[in-house]
Amino acid sequence: MKAMVLRRLGPLADNPEPLESVELPVPEPGPGEVLVRVSACGVCHTELDEIEGRTAPPKLPVVLGHQVVGRVEELGKGAAGFVLGERVGIGWIHSSCGRCEYCRRGEENLCAEFRATGRDVDGGYAELLTAPAESVYRIPEEFTDIQAAPLLCAGAIGYRSLRLAGVEDGERLGLFGFGASAHIVLQLARHLYPRTRVFVFARSREEREFALALGAAWAGDFGPEVNHRDTESEATKARKHEDGIDRGDLNITERTDTPFGPRAPNPEPVSGTKSTKGSDNPRSETRNPKSALLVPPLHAAIDTTPVWKPVLSALERLAPGGRLVVNAIRKEEADKDVLLGLDYPKQLWLEKEVKSVANVTRRDIREFLPLAAKAGIRPEVTEYALADANRALLELRQKGARGARVLAVGRRIDLKPDTRD
């Protein structure tokens with residue numbers, strides 16, 4: 001089978017083509033395992049962390065990739081719950097011990113023996129791979145193979161981050177960074193919490209305009225830091241004038257349960273197609289840099305960046321008692337010294353909380369996939385051939401496209417099956 005293999009670690013800047021195209025033997029499913037023929041595999045920033053050694057594979061060579069969509073090719077002895085040809089997905093979690101206190105309470109992501117797809121075992125940058133049946137998931141028919149791939153990590157980890165953030169409908173949420181995960185989180189937050197205003201902080205103008213198109217209340221850069229004592233009153237005035245920034249006029253008359261608590265049953269559509277027309281959009285900081293001062297204190301924030309400066313920016317923008325969730329397996333070292341400038345009274349005092357996200361659980365993926373289908377979430381995807389995996393990784397580092405990146409590996413479903421009579 002064809003595969004893209006990582007043979008040695010090192011900075012991508014020194015070796016922009018770290019993966020080698022090779023032919024490998026077809027893996028055989030062991031007891032309780034499923035052999036999957038891959039049709040699509042998402043490209044994740046965690047792969048950069050693996051390549052550059054921040055979360056290094058325990059052995060080399062290895063096949064990367066943990067956002068896998070494909071079809072059941074073969075069932076190992078005792079593998080149950082699937083049939084040949086069924087469309088399935090595989091995420092970051094490959095296995096855990098199943099015995100420790102964390103596994104017993106459904107937090108196998110914290111298990112000391114956690115093993116990851118595409119790091120501890122071969123992943124989806126290949127035509128076939130194996131996985132334990134308990135770590136394989138059915139894909140809702142609403143998604144194409146290419147659309148479904150980012151949901152298995154970027155979406156599922158975003159879902160977990162949103163749950164850990166403890167957002168309630170009507171609270172203000174900040175998203176720091178706007179890549180594969182955050183653009184899905186924005187759509188999910190608008191579905192679950194229609195009265196919540198989402199403020200997006202991103203480096204590039206394209207990312208900010210993309211956030212506005214998906215329904216963000218405001219989009220701007222990470223800085224400058226603000227004085228929250230003055231921000232609330234300014235924001236109150238601004239909401240009377242800024243187009244679309246106040247969603248308090250939604251008619252919410254009934255509440256139903258969600259995985260995180262109550263929500264209104266009739267939220268606004270989550271996939272916007274309305275053009276924001278660049279600098280003419282009054283909700284964009286690109287029109288007026290002073291509009292950064294219009295961002296009120298945030299009740300919760302999620303950081304999906306690989307660097308440290310956004311963490312301090314998010315902490316400064318939190319309201320008293322606010323919650324910051326850092327959604328990253330590893331952070332890069334380049335700007336780590338900014339942490340020495342932490343201002344405790346401004347950035348951490350008043351019972352602000354910081355929590356990291358560690359991997360995903362199987363429950364996260366099982367719950368999120370049908371919820372994403374119900375919410376009408378559609379990831380923005382740039383597609384690459386398997387042989388172009390190195391280019392996809394390099395462009396991920398360079399932020400060359402918005403949304404997610406996905407490798408097209410084999411035969412796939414491009415359209416939702418026609419279910420009409």
# chains A, B, ... in the order shown; residues from 1 in each chain; ligands from 1
call {"tool": "select_by_dssp", "arguments": {"residues": "range 279-415 of chain A", "states": "helix (DSSP H, G or I)", "output": "ChimeraX atom specification"}}
result
/A:279-280,289-294,309-317,336-341,344-347,362-375,386-398
call {"tool": "residues_around", "arguments": {"residues": "range 337-340 of chain A", "least_positions_apart": "5", "cutoff": "8 Å", "atoms": "only C-alpha atoms", "output": "PyMOL selection string"}}
result
chain A and resi 308-309+312
call {"tool": "atom_distance", "arguments": {"atom1": "CA of Leu128 in chain A", "atom2": "CA of Leu19 in chain A"}}
result
17.0 Å
call {"tool": "closest_residue", "arguments": {"among": "A:Ala165, A:Cys100, A:Cys111, A:Ala3", "to": "Thr361 in chain A", "atoms": "only C-alpha atoms"}}
result
A:Cys111
call {"tool": "closest_residue", "arguments": {"among": "A:Val63, A:Ala189, A:Val34, A:Ala301", "to": "Phe82 in chain A", "atoms": "only C-alpha atoms"}}
result
A:Val34
call {"tool": "atom_distance", "arguments": {"atom1": "CA of Glu367 in chain A", "atom2": "CA of Gly174 in chain A"}}
result
23.3 Å
call {"tool": "residues_around", "arguments": {"residues": "Ser181 in chain A", "least_positions_apart": "3", "cutoff": "8 Å", "atoms": "only C-alpha atoms", "output": "VMD selection string"}}
result
chain A and resid 153 to 155 157 to 158 178 184 to 185 304 403 to 404
call {"tool": "residues_around", "arguments": {"residues": "Pro370 in chain A", "least_positions_apart": "4", "cutoff": "8 Å", "atoms": "only C-alpha atoms", "output": "PDB file with C-alpha atoms, in the first residue's frame"}}
result
ATOM      1  CA  PRO A 140     -23.212  10.632   9.633  1.00  0.00           C
ATOM      2  CA  ARG A 366     -19.332   9.736  19.542  1.00  0.00           C
ATOM      3  CA  LYS A 374     -27.745  18.218  13.514  1.00  0.00           C
TER       4      LYS A 374
END
call {"tool": "residues_around", "arguments": {"residues": "Leu348 in chain A", "least_positions_apart": "2", "cutoff": "10 Å", "atoms": "only C-alpha atoms", "output": "count of residues only"}}
result
17
call {"tool": "residues_around", "arguments": {"residues": "Pro58 in chain A", "least_positions_apart": "5", "cutoff": "12 Å", "atoms": "only C-alpha atoms", "output": "NGL selection string"}}
result
:A and (7-9 or 50-51 or 53 or 115-116 or 118-122)
call {"tool": "write_last_selection", "arguments": {"atoms": "N, CA and C atoms", "output": "JSON list (two decimals), in the first residue's frame"}}
result
[["chain", "number", "residue", "atom", "x", "y", "z"],
["A", 7, "ARG", "N", 10.58, 9.52, 8.87],
["A", 7, "ARG", "CA", 11.75, 8.72, 9.25],
["A", 7, "ARG", "C", 12.64, 9.41, 10.29],
["A", 8, "ARG", "N", 12.63, 10.73, 10.32],
["A", 8, "ARG", "CA", 13.46, 11.44, 11.29],
["A", 8, "ARG", "C", 12.79, 12.75, 11.70],
["A", 9, "LEU", "N", 13.14, 13.22, 12.88],
["A", 9, "LEU", "CA", 12.56, 14.43, 13.44],
["A", 9, "LEU", "C", 13.45, 15.63, 13.16],
["A", 50, "GLU", "N", 4.72, 16.53, 16.17],
["A", 50, "GLU", "CA", 5.40, 15.23, 16.06],
["A", 50, "GLU", "C", 6.68, 15.35, 15.25],
["A", 51, "ILE", "N", 6.58, 15.97, 14.09],
["A", 51, "ILE", "CA", 7.73, 16.10, 13.19],
["A", 51, "ILE", "C", 8.87, 16.85, 13.87],
["A", 53, "GLY", "N", 9.34, 17.22, 17.09],
["A", 53, "GLY", "CA", 9.78, 16.61, 18.33],
["A", 53, "GLY", "C", 9.14, 17.08, 19.61],
["A", 115, "ARG", "N", -2.50, 5.77, 23.94],
["A", 115, "ARG", "CA", -1.76, 5.61, 22.68],
["A", 115, "ARG", "C", -2.52, 6.32, 21.58],
["A", 116, "ALA", "N", -1.78, 7.08, 20.79],
["A", 116, "ALA", "CA", -2.39, 7.95, 19.79],
["A", 116, "ALA", "C", -2.22, 7.40, 18.38],
["A", 118, "GLY", "N", -1.41, 7.60, 14.64],
["A", 118, "GLY", "CA", -0.49, 8.43, 13.88],
["A", 118, "GLY", "C", 0.70, 8.94, 14.68],
["A", 119, "ARG", "N", 0.86, 8.48, 15.92],
["A", 119, "ARG", "CA", 2.05, 8.80, 16.71],
["A", 119, "ARG", "C", 2.61, 7.52, 17.34],
["A", 120, "ASP", "N", 1.79, 6.87, 18.16],
["A", 120, "ASP", "CA", 2.22, 5.63, 18.81],
["A", 120, "ASP", "C", 1.98, 4.41, 17.93],
["A", 121, "VAL", "N", 1.05, 4.53, 16.99],
["A", 121, "VAL", "CA", 0.80, 3.50, 15.98],
["A", 121, "VAL", "C", 0.63, 4.20, 14.64],
["A", 122, "ASP", "N", 0.76, 3.45, 13.56],
["A", 122, "ASP", "CA", 0.62, 4.05, 12.23],
["A", 122, "ASP", "C", -0.78, 4.62, 12.03]]
call {"tool": "closest_residue", "arguments": {"among": "A:Ser161, A:Thr55, A:Gln347, A:Ser356", "to": "Leu173 in chain A", "atoms": "only C-alpha atoms"}}
result
A:Ser161
call {"tool": "decode", "arguments": {"residues": "range 177-210 of chain A", "atoms": "N, CA and C atoms", "output": "PDB file, in the first residue's frame"}}
result
ATOM      1  N   GLY A 177      -7.111  32.534  17.919  1.00  0.00           N
ATOM      2  CA  GLY A 177      -6.714  31.676  16.813  1.00  0.00           C
ATOM      3  C   GLY A 177      -7.967  31.245  16.070  1.00  0.00           C
ATOM      4  N   PHE A 178      -7.857  31.134  14.742  1.00  0.00           N
ATOM      5  CA  PHE A 178      -9.053  30.774  13.966  1.00  0.00           C
ATOM      6  C   PHE A 178      -8.675  29.849  12.817  1.00  0.00           C
ATOM      7  N   GLY A 179      -8.267  28.630  13.200  1.00  0.00           N
ATOM      8  CA  GLY A 179      -7.915  27.617  12.216  1.00  0.00           C
ATOM      9  C   GLY A 179      -8.945  26.518  12.145  1.00  0.00           C
ATOM     10  N   ALA A 180      -8.468  25.295  11.970  1.00  0.00           N
ATOM     11  CA  ALA A 180      -9.355  24.154  11.742  1.00  0.00           C
ATOM     12  C   ALA A 180     -10.337  23.952  12.893  1.00  0.00           C
ATOM     13  N   SER A 181      -9.850  23.996  14.132  1.00  0.00           N
ATOM     14  CA  SER A 181     -10.728  23.737  15.270  1.00  0.00           C
ATOM     15  C   SER A 181     -11.649  24.910  15.558  1.00  0.00           C
ATOM     16  N   ALA A 182     -11.098  26.113  15.622  1.00  0.00           N
ATOM     17  CA  ALA A 182     -11.892  27.271  16.044  1.00  0.00           C
ATOM     18  C   ALA A 182     -13.033  27.576  15.076  1.00  0.00           C
ATOM     19  N   HIS A 183     -12.836  27.356  13.779  1.00  0.00           N
ATOM     20  CA  HIS A 183     -13.926  27.692  12.854  1.00  0.00           C
ATOM     21  C   HIS A 183     -15.087  26.701  12.990  1.00  0.00           C
ATOM     22  N   ILE A 184     -14.794  25.519  13.526  1.00  0.00           N
ATOM     23  CA  ILE A 184     -15.876  24.580  13.839  1.00  0.00           C
ATOM     24  C   ILE A 184     -16.526  24.944  15.168  1.00  0.00           C
ATOM     25  N   VAL A 185     -15.715  25.346  16.148  1.00  0.00           N
ATOM     26  CA  VAL A 185     -16.238  25.758  17.448  1.00  0.00           C
ATOM     27  C   VAL A 185     -17.203  26.933  17.294  1.00  0.00           C
ATOM     28  N   LEU A 186     -16.876  27.877  16.450  1.00  0.00           N
ATOM     29  CA  LEU A 186     -17.762  29.029  16.230  1.00  0.00           C
ATOM     30  C   LEU A 186     -19.127  28.572  15.735  1.00  0.00           C
ATOM     31  N   GLN A 187     -19.142  27.668  14.780  1.00  0.00           N
ATOM     32  CA  GLN A 187     -20.418  27.170  14.269  1.00  0.00           C
ATOM     33  C   GLN A 187     -21.194  26.421  15.350  1.00  0.00           C
ATOM     34  N   LEU A 188     -20.478  25.626  16.140  1.00  0.00           N
ATOM     35  CA  LEU A 188     -21.127  24.862  17.202  1.00  0.00           C
ATOM     36  C   LEU A 188     -21.674  25.784  18.283  1.00  0.00           C
ATOM     37  N   ALA A 189     -20.900  26.797  18.674  1.00  0.00           N
ATOM     38  CA  ALA A 189     -21.348  27.730  19.708  1.00  0.00           C
ATOM     39  C   ALA A 189     -22.600  28.473  19.261  1.00  0.00           C
ATOM     40  N   ARG A 190     -22.666  28.841  18.014  1.00  0.00           N
ATOM     41  CA  ARG A 190     -23.857  29.558  17.522  1.00  0.00           C
ATOM     42  C   ARG A 190     -25.089  28.660  17.526  1.00  0.00           C
ATOM     43  N   HIS A 191     -24.868  27.362  17.360  1.00  0.00           N
ATOM     44  CA  HIS A 191     -25.984  26.413  17.414  1.00  0.00           C
ATOM     45  C   HIS A 191     -26.459  26.197  18.846  1.00  0.00           C
ATOM     46  N   LEU A 192     -25.514  25.968  19.753  1.00  0.00           N
ATOM     47  CA  LEU A 192     -25.881  25.643  21.133  1.00  0.00           C
ATOM     48  C   LEU A 192     -26.289  26.865  21.946  1.00  0.00           C
ATOM     49  N   TYR A 193     -25.667  28.008  21.657  1.00  0.00           N
ATOM     50  CA  TYR A 193     -25.866  29.208  22.476  1.00  0.00           C
ATOM     51  C   TYR A 193     -26.173  30.408  21.587  1.00  0.00           C
ATOM     52  N   PRO A 194     -27.376  30.512  21.064  1.00  0.00           N
ATOM     53  CA  PRO A 194     -27.678  31.563  20.081  1.00  0.00           C
ATOM     54  C   PRO A 194     -27.606  32.976  20.640  1.00  0.00           C
ATOM     55  N   ARG A 195     -27.671  33.152  21.965  1.00  0.00           N
ATOM     56  CA  ARG A 195     -27.561  34.498  22.539  1.00  0.00           C
ATOM     57  C   ARG A 195     -26.130  34.857  22.917  1.00  0.00           C
ATOM     58  N   THR A 196     -25.221  33.929  22.718  1.00  0.00           N
ATOM     59  CA  THR A 196     -23.811  34.166  23.033  1.00  0.00           C
ATOM     60  C   THR A 196     -23.128  34.878  21.870  1.00  0.00           C
ATOM     61  N   ARG A 197     -22.436  35.973  22.181  1.00  0.00           N
ATOM     62  CA  ARG A 197     -21.638  36.668  21.175  1.00  0.00           C
ATOM     63  C   ARG A 197     -20.218  36.104  21.200  1.00  0.00           C
ATOM     64  N   VAL A 198     -19.703  35.787  20.022  1.00  0.00           N
ATOM     65  CA  VAL A 198     -18.375  35.188  19.900  1.00  0.00           C
ATOM     66  C   VAL A 198     -17.432  36.217  19.293  1.00  0.00           C
ATOM     67  N   PHE A 199     -16.319  36.465  19.989  1.00  0.00           N
ATOM     68  CA  PHE A 199     -15.303  37.419  19.559  1.00  0.00           C
ATOM     69  C   PHE A 199     -14.059  36.637  19.133  1.00  0.00           C
ATOM     70  N   VAL A 200     -13.596  36.871  17.912  1.00  0.00           N
ATOM     71  CA  VAL A 200     -12.497  36.097  17.346  1.00  0.00           C
ATOM     72  C   VAL A 200     -11.244  36.953  17.245  1.00  0.00           C
ATOM     73  N   PHE A 201     -10.138  36.407  17.737  1.00  0.00           N
ATOM     74  CA  PHE A 201      -8.837  37.069  17.686  1.00  0.00           C
ATOM     75  C   PHE A 201      -7.922  36.241  16.790  1.00  0.00           C
ATOM     76  N   ALA A 202      -7.482  36.817  15.697  1.00  0.00           N
ATOM     77  CA  ALA A 202      -6.668  36.078  14.730  1.00  0.00           C
ATOM     78  C   ALA A 202      -5.678  37.022  14.069  1.00  0.00           C
ATOM     79  N   ARG A 203      -4.562  36.459  13.603  1.00  0.00           N
ATOM     80  CA  ARG A 203      -3.491  37.277  13.043  1.00  0.00           C
ATOM     81  C   ARG A 203      -3.840  37.842  11.671  1.00  0.00           C
ATOM     82  N   SER A 204      -4.397  37.011  10.803  1.00  0.00           N
ATOM     83  CA  SER A 204      -4.550  37.429   9.412  1.00  0.00           C
ATOM     84  C   SER A 204      -5.933  38.020   9.159  1.00  0.00           C
ATOM     85  N   ARG A 205      -5.949  38.961   8.247  1.00  0.00           N
ATOM     86  CA  ARG A 205      -7.211  39.598   7.859  1.00  0.00           C
ATOM     87  C   ARG A 205      -8.170  38.567   7.257  1.00  0.00           C
ATOM     88  N   GLU A 206      -7.637  37.633   6.465  1.00  0.00           N
ATOM     89  CA  GLU A 206      -8.502  36.630   5.852  1.00  0.00           C
ATOM     90  C   GLU A 206      -9.217  35.796   6.910  1.00  0.00           C
ATOM     91  N   GLU A 207      -8.485  35.400   7.955  1.00  0.00           N
ATOM     92  CA  GLU A 207      -9.107  34.626   9.030  1.00  0.00           C
ATOM     93  C   GLU A 207     -10.179  35.435   9.739  1.00  0.00           C
ATOM     94  N   ARG A 208      -9.924  36.724   9.957  1.00  0.00           N
ATOM     95  CA  ARG A 208     -10.902  37.572  10.643  1.00  0.00           C
ATOM     96  C   ARG A 208     -12.162  37.743   9.803  1.00  0.00           C
ATOM     97  N   GLU A 209     -12.001  37.959   8.517  1.00  0.00           N
ATOM     98  CA  GLU A 209     -13.173  38.117   7.653  1.00  0.00           C
ATOM     99  C   GLU A 209     -13.942  36.799   7.532  1.00  0.00           C
ATOM    100  N   PHE A 210     -13.216  35.692   7.538  1.00  0.00           N
ATOM    101  CA  PHE A 210     -13.864  34.376   7.529  1.00  0.00           C
ATOM    102  C   PHE A 210     -14.698  34.189   8.788  1.00  0.00           C
TER     103      PHE A 210
END
